[in-house]
Structure formats: structure tokens, C-alpha cells
Amino acid sequence: MRLLVLLIGLLACGPGFAAEPFGRASIEGAEGIVPGQQVHVVVDVFAPEFFTSPPQFPLFDIPDALVTLSNERAQNLVQTIDGVQYSGIRRSYAVVPERAGSFPLPVIEIELGYLSNGNSTKAVVKIALPSFDVGVSSSQAATPFAARGLTMTESFDRDPARLKVGDALVRTVVIFAEDTQAMLIPPVAFGTTAGLAGYEKPAVLADDVEQRGIGRSAETGSTRSETVVYTVSDTGRFPLPAITYPWFDVDEHVLSAATLPVTDVVVAPAAVTERIQPELQREVNAPASRVWRGWLLVILLCAVDLAVAAFAWWRLPAIRTWAASVRQRRRNSPRRRLSRIRTIIRVGDELAVYRGLQDWSGTLGYRTVSEWVEAQACPRLSAQVAILERRLFRSRDMQLDRAALASAITLPVADGRPPKRALPDLNPTAEDQLLRPL
């Protein structure tokens, strides 16, 4: 009888014991993956009732592959299992394999908080990520760039056929591609033209860009914008060479190419303008009254100068203190600090850049660089800071775009400043200890 009562009690309490957090993972479109293609690893995390603290999705490293956490907003899920309602959060990793072969993914540990028996409980969910295989298409290049819906467009700031000697022509080429990241889009090869001097500006990268094509709905992808400034110093016709941009079409599984035609730059002689020499009119025999008024004005100005000098000498200490405070305010103004952090990013080493970002985020009231980056909601800033941290603390397999990082930092809005916290973190990370000023 006691055994029967115990079994009934366990069965009655069974759903309560079973209500534990869990997770699962899957790969979108695991068939026909080729090198350079972005593979989406979708991870779902569930907890009973609701989360008290969001799941922390960690990054991981895979040999011969680039792994990033998608910038897309997390998706909320709801699922009922054995009469228990679970709240879920879905996020995805983007894995870009660089070679053919098998890619086993690791087991990740996700920290979270959830409600258990009316109390907030911490938990760690272990999820085994699925592996995938990468093949090679017979039509794929040796160093592929795989994407979907790639387009290439160009524009000029003026008509290339109506230039004059001494003019400058700005040419902008934009690569748009879906299902990829801006930092993976290869540069454009412009070539050279005899008689034209070209200066290439740093490329501008952007993710989550919406583009609407002719006769179709808007698509979201990434862009790489390349700008070249041509200067002309002689007359004639100068053909800009055609551009061929190879890429691998993931949908059709064929090697394709986007092209731009040859553009003729026609330069005419500069227009000659006649100069008109100015004629100086001199006053002869000015009236005596005008002369006396001039002397009186000079005497008045001298008296004002003497009065100002005497007052300045009397108030010299206060003026010096005021001038010092004005110089200090100017030096620490938001625009001056923004100029200094951008200069550090352009010319300083990577450790100095990260320390500068720490100082910048600290003056804005954020505890860490990561907290500041998350508050900005800027994909380009997030990507470059992630690359910088990867080069400092993991590996140097990715190149930091200093120009993109500098341009992504802007002045904060007046009402968007977070309150400063009185106490620092109790458990600083190893990276914080490494970068702490001596």
C-alpha cells in the first residue's frame, strides 16, 4: 500500500519534475552546400513559463570556416509539451565554410534564467549542433564567392562625356548580394586607363540593406560600395575598361558574372575667361570735415583699447582661470572626443583602438564596449568591433576595416545617454583585466 501511494505521488508530480529548459538545433537547406556559401544554423532554446534573463548565445570557432551570430532580431516561440507551456527564443549562426569536406559543429552551452516554482532560477542548456558536408560544384571557381541575387550597378556624379581639363569624375560601383555578409563581398577590380589618374576610396560595407528591383518586391541583403575619383589633365577620349565580377549562384549552382560596359570619358579644353582689371578710384581733395572725423574715430578707438587693457590687467587671474576652463571644455567636447577616437582608430594599434573604445563607451555611461555596441543597434559597428575583439583575443584571420569602424561611431543623441552605474562589475572578464590601463 505504501508503494502504491508513493507511485501515485510520483506520477502526480511528474510534470513538475519534467518542466526543465531544453534546446534544439537544425540547419536550413543542408543539401548542396558549396564552399563560400553561408550556412544558417538555427538554435531554439525553451524554458517553462517564461525567461527571467535572456539566453546568452556563445560564439565558437571552426577550422577553415567563419562563424558569426546573425544580427537579425531574435524570434519568440511558444510550445506546449505534456500540458506544460514553454517560452522559446530562436537565433541563428552564420557559418561560411572555406573548403569542401565535413564540418562537425561543437556542443554549445547557453546560460539563461527562468521561473521555477515562483522563483528565478539559473540554468545552462547544452545543445549539440548538427554537422554538415560541403561539396564542390564542377562549375565553381577555385576561390568562390557564393551568394544569391547578386547585382552590380554604377553611377557618376556628372556626365563622363562632358568633362573639361582639370575636372574630377567620381565613379561609384555598388555590389548587392543576398544571403551573405558585407565583409565577405570581394573588392571590385577597376583596372587602369592611360591618361586618367584614379584614386580609390575605402569601401563602404553595409548589412541588412533593402533593395527593390524592377517588377519585384524588395529584397534584403548586403552591399559593398566602391568609389573611384578620376582626374583629367589633358584633352581626348579615355575609355574606362569594362568590369567583370564573378560569383557563384547558390540557387542555380552555376558560376555567373555581373558586368559593367566600357564607359568613354571625353575631355574638352577648359574655357578661357577674360579678366577685368579693377579700377581704383581715388578721392581727391577730401573735405576737411571728413578728415577730422577720421582722427576723432582713431582717438576714440585708442581710448577704448586702453580701457580694455586696464580692465584685463586688473582681472588677469580671473581671465586666466576662465580661459583655462574654456580650453578644457573645448578639449573634452563631444566633437573633439569623437575626432580623437576616430584618429586613434585610423593610426593606432589594435590594442590602443580597443582601449579608446572603452574610454569612449565609459564616458557615455556604458560599463563595457559590448553594452555600448548593443545600444547603438548598428550592424556595421557590431561587425567591426567583433572583428577587432576576434583579432585581439582569438585569431587574426580577419581584416579590420578601420574606415568603416571610424565612420560607424557617431555623436550620441541628447536624450539617449544611459545612466552611469555607481559600482563596476563584480567579476571582470579576462579581456577587461588585460585592457585595464596601468
# chains A, B, ... in the order shown; residues from 1 in each chain; ligands from 1

call {"tool": "closest_atom_pairs", "arguments": {"of": "range 106-165 of chain A", "to": "range 80-102 of chain A", "cutoff": "7 Å", "atoms": "only C-alpha atoms", "output": "JSON lines"}}
result
{"residue": "A:Phe132", "atom": "CA", "partner": "A:Ser102", "partner_atom": "CA", "distance": 6.1}
{"residue": "A:Asp133", "atom": "CA", "partner": "A:Ser102", "partner_atom": "CA", "distance": 4.4}
{"residue": "A:Val134", "atom": "CA", "partner": "A:Ala100", "partner_atom": "CA", "distance": 4.8}
{"residue": "A:Gly135", "atom": "CA", "partner": "A:Ala100", "partner_atom": "CA", "distance": 5.1}
{"residue": "A:Val136", "atom": "CA", "partner": "A:Ala100", "partner_atom": "CA", "distance": 6.1}

call {"tool": "closest_residue", "arguments": {"among": "A:Val170, A:Val45, A:Met183, A:Val165", "to": "Gly195 in chain A", "atoms": "only C-alpha atoms"}}
result
A:Val165

call {"tool": "select_by_dssp", "arguments": {"residues": "range 142-370 of chain A", "states": "strand (DSSP E)", "output": "MDAnalysis selection string"}}
result
chainID A and resid 146:156 163:164 168:178 196:200 204:212 218:232 236:240 243:249 254:260 263:268

call {"tool": "residues_around", "arguments": {"residues": "Phe238 in chain A", "least_positions_apart": "4", "cutoff": "10 Å", "atoms": "only C-alpha atoms", "output": "PyMOL selection string"}}
result
chain A and resi 160-161+193-196+232+263-267

call {"tool": "write_last_selection", "arguments": {"atoms": "all heavy atoms", "output": "PDB file, in the first residue's frame"}}
result
ATOM      1  N   PRO A 160      30.177  61.680 -68.011  1.00  0.00           N
ATOM      2  CA  PRO A 160      31.581  61.432 -68.368  1.00  0.00           C
ATOM      3  C   PRO A 160      31.954  61.976 -69.740  1.00  0.00           C
ATOM      4  O   PRO A 160      33.151  62.174 -70.018  1.00  0.00           O
ATOM      5  CB  PRO A 160      31.680  59.897 -68.341  1.00  0.00           C
ATOM      6  CG  PRO A 160      30.511  59.434 -67.543  1.00  0.00           C
ATOM      7  CD  PRO A 160      29.433  60.438 -67.788  1.00  0.00           C
ATOM      8  N   ALA A 161      30.985  62.215 -70.618  1.00  0.00           N
ATOM      9  CA  ALA A 161      31.278  62.686 -71.975  1.00  0.00           C
ATOM     10  C   ALA A 161      31.361  64.206 -72.068  1.00  0.00           C
ATOM     11  O   ALA A 161      31.550  64.738 -73.161  1.00  0.00           O
ATOM     12  CB  ALA A 161      30.221  62.167 -72.951  1.00  0.00           C
ATOM     13  N   THR A 193      43.447  53.203 -66.802  1.00  0.00           N
ATOM     14  CA  THR A 193      43.264  53.844 -68.101  1.00  0.00           C
ATOM     15  C   THR A 193      44.363  54.879 -68.290  1.00  0.00           C
ATOM     16  O   THR A 193      44.552  55.747 -67.422  1.00  0.00           O
ATOM     17  CB  THR A 193      41.894  54.527 -68.189  1.00  0.00           C
ATOM     18  OG1 THR A 193      40.860  53.548 -67.986  1.00  0.00           O
ATOM     19  CG2 THR A 193      41.693  55.182 -69.540  1.00  0.00           C
ATOM     20  N   ALA A 194      45.104  54.769 -69.402  1.00  0.00           N
ATOM     21  CA  ALA A 194      46.154  55.742 -69.688  1.00  0.00           C
ATOM     22  C   ALA A 194      45.545  57.121 -69.884  1.00  0.00           C
ATOM     23  O   ALA A 194      44.548  57.289 -70.577  1.00  0.00           O
ATOM     24  CB  ALA A 194      46.932  55.321 -70.942  1.00  0.00           C
ATOM     25  N   GLY A 195      46.142  58.116 -69.232  1.00  0.00           N
ATOM     26  CA  GLY A 195      45.648  59.485 -69.338  1.00  0.00           C
ATOM     27  C   GLY A 195      44.728  59.899 -68.215  1.00  0.00           C
ATOM     28  O   GLY A 195      44.405  61.079 -68.090  1.00  0.00           O
ATOM     29  N   LEU A 196      44.286  58.940 -67.380  1.00  0.00           N
ATOM     30  CA  LEU A 196      43.422  59.242 -66.239  1.00  0.00           C
ATOM     31  C   LEU A 196      44.120  58.793 -64.957  1.00  0.00           C
ATOM     32  O   LEU A 196      44.619  57.666 -64.864  1.00  0.00           O
ATOM     33  CB  LEU A 196      42.073  58.532 -66.354  1.00  0.00           C
ATOM     34  CG  LEU A 196      41.113  58.990 -67.447  1.00  0.00           C
ATOM     35  CD1 LEU A 196      39.825  58.178 -67.385  1.00  0.00           C
ATOM     36  CD2 LEU A 196      40.804  60.471 -67.310  1.00  0.00           C
ATOM     37  N   VAL A 232      41.511  64.476 -64.693  1.00  0.00           N
ATOM     38  CA  VAL A 232      41.972  64.573 -66.081  1.00  0.00           C
ATOM     39  C   VAL A 232      42.803  65.834 -66.235  1.00  0.00           C
ATOM     40  O   VAL A 232      42.466  66.896 -65.705  1.00  0.00           O
ATOM     41  CB  VAL A 232      40.775  64.585 -67.057  1.00  0.00           C
ATOM     42  CG1 VAL A 232      40.093  63.247 -67.063  1.00  0.00           C
ATOM     43  CG2 VAL A 232      39.767  65.674 -66.678  1.00  0.00           C
ATOM     44  N   THR A 263      32.974  52.605 -70.531  1.00  0.00           N
ATOM     45  CA  THR A 263      32.465  53.975 -70.475  1.00  0.00           C
ATOM     46  C   THR A 263      33.527  54.914 -71.021  1.00  0.00           C
ATOM     47  O   THR A 263      34.679  54.896 -70.574  1.00  0.00           O
ATOM     48  CB  THR A 263      32.108  54.374 -69.034  1.00  0.00           C
ATOM     49  OG1 THR A 263      31.135  53.479 -68.511  1.00  0.00           O
ATOM     50  CG2 THR A 263      31.564  55.796 -68.986  1.00  0.00           C
ATOM     51  N   ASP A 264      33.148  55.735 -72.013  1.00  0.00           N
ATOM     52  CA  ASP A 264      34.074  56.695 -72.614  1.00  0.00           C
ATOM     53  C   ASP A 264      34.053  57.996 -71.834  1.00  0.00           C
ATOM     54  O   ASP A 264      32.983  58.580 -71.582  1.00  0.00           O
ATOM     55  CB  ASP A 264      33.708  56.965 -74.070  1.00  0.00           C
ATOM     56  CG  ASP A 264      34.066  55.791 -74.971  1.00  0.00           C
ATOM     57  OD1 ASP A 264      35.003  55.050 -74.605  1.00  0.00           O
ATOM     58  OD2 ASP A 264      33.415  55.618 -76.010  1.00  0.00           O
ATOM     59  N   VAL A 265      35.237  58.436 -71.444  1.00  0.00           N
ATOM     60  CA  VAL A 265      35.401  59.736 -70.785  1.00  0.00           C
ATOM     61  C   VAL A 265      35.947  60.706 -71.825  1.00  0.00           C
ATOM     62  O   VAL A 265      37.052  60.512 -72.356  1.00  0.00           O
ATOM     63  CB  VAL A 265      36.352  59.633 -69.578  1.00  0.00           C
ATOM     64  CG1 VAL A 265      36.569  61.015 -68.957  1.00  0.00           C
ATOM     65  CG2 VAL A 265      35.793  58.673 -68.543  1.00  0.00           C
ATOM     66  N   VAL A 266      35.181  61.743 -72.155  1.00  0.00           N
ATOM     67  CA  VAL A 266      35.545  62.720 -73.172  1.00  0.00           C
ATOM     68  C   VAL A 266      35.888  64.029 -72.477  1.00  0.00           C
ATOM     69  O   VAL A 266      35.071  64.574 -71.729  1.00  0.00           O
ATOM     70  CB  VAL A 266      34.413  62.920 -74.192  1.00  0.00           C
ATOM     71  CG1 VAL A 266      34.835  63.926 -75.264  1.00  0.00           C
ATOM     72  CG2 VAL A 266      34.019  61.589 -74.822  1.00  0.00           C
ATOM     73  N   VAL A 267      37.111  64.526 -72.735  1.00  0.00           N
ATOM     74  CA  VAL A 267      37.614  65.727 -72.063  1.00  0.00           C
ATOM     75  C   VAL A 267      37.861  66.806 -73.105  1.00  0.00           C
ATOM     76  O   VAL A 267      38.576  66.580 -74.092  1.00  0.00           O
ATOM     77  CB  VAL A 267      38.904  65.427 -71.282  1.00  0.00           C
ATOM     78  CG1 VAL A 267      39.362  66.670 -70.523  1.00  0.00           C
ATOM     79  CG2 VAL A 267      38.690  64.265 -70.329  1.00  0.00           C
TER      80      VAL A 267
END

call {"tool": "residues_around", "arguments": {"residues": "Ala271 in chain A", "least_positions_apart": "6", "cutoff": "12 Å", "atoms": "only C-alpha atoms", "output": "list in words"}}
result
Leu163, Lys164, Val165, Gly166 and Asp167 of chain A

call {"tool": "write_last_selection", "arguments": {"atoms": "all heavy atoms", "output": "short mmCIF file (atom, residue, chain, number, x, y, z; two decimals), in the first residue's frame"}}
result
data_model
loop_
_atom_site.label_atom_id
_atom_site.label_comp_id
_atom_site.auth_asym_id
_atom_site.auth_seq_id
_atom_site.Cartn_x
_atom_site.Cartn_y
_atom_site.Cartn_z
N LEU A 163 33.39 66.46 -69.91
CA LEU A 163 34.36 66.96 -68.94
C LEU A 163 35.28 67.97 -69.60
O LEU A 163 35.43 68.02 -70.83
CB LEU A 163 35.18 65.80 -68.38
CG LEU A 163 34.42 64.73 -67.59
CD1 LEU A 163 35.39 63.68 -67.07
CD2 LEU A 163 33.65 65.35 -66.44
N LYS A 164 35.93 68.77 -68.76
CA LYS A 164 36.93 69.72 -69.21
C LYS A 164 38.22 69.48 -68.44
O LYS A 164 38.21 68.88 -67.37
CB LYS A 164 36.44 71.16 -69.02
CG LYS A 164 35.29 71.54 -69.96
CD LYS A 164 34.84 72.96 -69.73
CE LYS A 164 33.81 73.38 -70.77
NZ LYS A 164 32.63 72.49 -70.79
N VAL A 165 39.31 69.94 -69.01
CA VAL A 165 40.61 69.75 -68.38
C VAL A 165 40.59 70.34 -66.96
O VAL A 165 40.16 71.48 -66.77
CB VAL A 165 41.72 70.40 -69.22
CG1 VAL A 165 43.07 70.31 -68.50
CG2 VAL A 165 41.82 69.70 -70.58
N GLY A 166 41.05 69.56 -66.00
CA GLY A 166 41.04 69.99 -64.60
C GLY A 166 39.87 69.50 -63.80
O GLY A 166 39.86 69.62 -62.57
N ASP A 167 38.83 68.91 -64.46
CA ASP A 167 37.67 68.39 -63.74
C ASP A 167 38.01 67.07 -63.04
O ASP A 167 39.00 66.39 -63.37
CB ASP A 167 36.50 68.17 -64.70
CG ASP A 167 35.88 69.47 -65.15
OD1 ASP A 167 36.19 70.51 -64.52
OD2 ASP A 167 35.11 69.46 -66.13
#

call {"tool": "residues_around", "arguments": {"residues": "Arg380 in chain A", "least_positions_apart": "2", "cutoff": "9 Å", "atoms": "only C-alpha atoms", "output": "PyMOL selection string"}}
result
chain A and resi 182+205-207+378+382-385+404-405+408

call {"tool": "write_last_selection", "arguments": {"atoms": "N, CA, C and O atoms", "output": "PDB file, in the first residue's frame"}}
result
ATOM      1  N   ALA A 182      28.433  41.582 -45.669  1.00  0.00           N
ATOM      2  CA  ALA A 182      29.146  42.604 -46.433  1.00  0.00           C
ATOM      3  C   ALA A 182      30.656  42.390 -46.384  1.00  0.00           C
ATOM      4  O   ALA A 182      31.350  42.640 -47.371  1.00  0.00           O
ATOM      5  N   LEU A 205      30.864  49.230 -46.354  1.00  0.00           N
ATOM      6  CA  LEU A 205      30.140  47.973 -46.207  1.00  0.00           C
ATOM      7  C   LEU A 205      28.882  48.197 -45.390  1.00  0.00           C
ATOM      8  O   LEU A 205      28.876  48.976 -44.431  1.00  0.00           O
ATOM      9  N   ALA A 206      27.806  47.506 -45.757  1.00  0.00           N
ATOM     10  CA  ALA A 206      26.538  47.650 -45.033  1.00  0.00           C
ATOM     11  C   ALA A 206      25.767  46.341 -45.133  1.00  0.00           C
ATOM     12  O   ALA A 206      25.726  45.707 -46.190  1.00  0.00           O
ATOM     13  N   ASP A 207      25.165  45.932 -44.011  1.00  0.00           N
ATOM     14  CA  ASP A 207      24.306  44.750 -43.958  1.00  0.00           C
ATOM     15  C   ASP A 207      22.859  45.184 -43.740  1.00  0.00           C
ATOM     16  O   ASP A 207      22.572  46.326 -43.365  1.00  0.00           O
ATOM     17  N   CYS A 378      23.770  49.213 -34.557  1.00  0.00           N
ATOM     18  CA  CYS A 378      24.383  49.482 -35.856  1.00  0.00           C
ATOM     19  C   CYS A 378      25.089  48.217 -36.322  1.00  0.00           C
ATOM     20  O   CYS A 378      26.115  47.837 -35.749  1.00  0.00           O
ATOM     21  N   SER A 382      28.768  46.732 -35.078  1.00  0.00           N
ATOM     22  CA  SER A 382      28.853  45.432 -34.413  1.00  0.00           C
ATOM     23  C   SER A 382      29.825  44.515 -35.127  1.00  0.00           C
ATOM     24  O   SER A 382      30.633  43.826 -34.500  1.00  0.00           O
ATOM     25  N   ALA A 383      29.789  44.521 -36.475  1.00  0.00           N
ATOM     26  CA  ALA A 383      30.673  43.628 -37.231  1.00  0.00           C
ATOM     27  C   ALA A 383      32.137  44.005 -37.031  1.00  0.00           C
ATOM     28  O   ALA A 383      32.989  43.145 -36.805  1.00  0.00           O
ATOM     29  N   GLN A 384      32.460  45.302 -37.090  1.00  0.00           N
ATOM     30  CA  GLN A 384      33.857  45.704 -36.973  1.00  0.00           C
ATOM     31  C   GLN A 384      34.396  45.515 -35.556  1.00  0.00           C
ATOM     32  O   GLN A 384      35.550  45.127 -35.364  1.00  0.00           O
ATOM     33  N   VAL A 385      33.571  45.780 -34.514  1.00  0.00           N
ATOM     34  CA  VAL A 385      34.018  45.548 -33.141  1.00  0.00           C
ATOM     35  C   VAL A 385      34.214  44.052 -32.895  1.00  0.00           C
ATOM     36  O   VAL A 385      35.158  43.634 -32.217  1.00  0.00           O
ATOM     37  N   ALA A 404      35.564  51.875 -41.933  1.00  0.00           N
ATOM     38  CA  ALA A 404      34.170  51.557 -41.614  1.00  0.00           C
ATOM     39  C   ALA A 404      33.905  51.699 -40.122  1.00  0.00           C
ATOM     40  O   ALA A 404      32.857  52.192 -39.708  1.00  0.00           O
ATOM     41  N   LEU A 405      34.869  51.278 -39.269  1.00  0.00           N
ATOM     42  CA  LEU A 405      34.683  51.410 -37.826  1.00  0.00           C
ATOM     43  C   LEU A 405      34.635  52.870 -37.414  1.00  0.00           C
ATOM     44  O   LEU A 405      33.795  53.281 -36.604  1.00  0.00           O
ATOM     45  N   ALA A 408      31.354  54.493 -38.383  1.00  0.00           N
ATOM     46  CA  ALA A 408      30.179  53.966 -37.679  1.00  0.00           C
ATOM     47  C   ALA A 408      29.982  54.615 -36.316  1.00  0.00           C
ATOM     48  O   ALA A 408      28.904  54.512 -35.734  1.00  0.00           O
TER      49      ALA A 408
END

call {"tool": "closest_residue", "arguments": {"among": "A:Ile409, A:Ala377, A:Val124, A:Val326", "to": "Leu357 in chain A", "atoms": "only C-alpha atoms"}}
result
A:Ile409

call {"tool": "residues_around", "arguments": {"residues": "Glu178 in chain A", "least_positions_apart": "6", "cutoff": "8 Å", "atoms": "only C-alpha atoms", "output": "number ranges by chain"}}
result
A: 147-150, 219-222

call {"tool": "select_by_dssp", "arguments": {"residues": "range 287-410 of chain A", "states": "alpha helix (DSSP H)", "output": "number ranges by chain"}}
result
A: 288-314, 316-331, 334-347, 350-363, 369-376, 379-393, 402-408

call {"tool": "residues_around", "arguments": {"residues": "Ala242 in chain A", "least_positions_apart": "4", "cutoff": "8 Å", "atoms": "only C-alpha atoms", "output": "list in words"}}
result
Thr259, Leu260, Pro261, Val262 and Thr263 of chain A

call {"tool": "atom_distance", "arguments": {"atom1": "CA of Ala375 in chain A", "atom2": "CA of Ser361 in chain A"}}
result
10.5 Å

call {"tool": "atom_distance", "arguments": {"atom1": "CA of Phe51 in chain A", "atom2": "CA of Asn71 in chain A"}}
result
20.9 Å
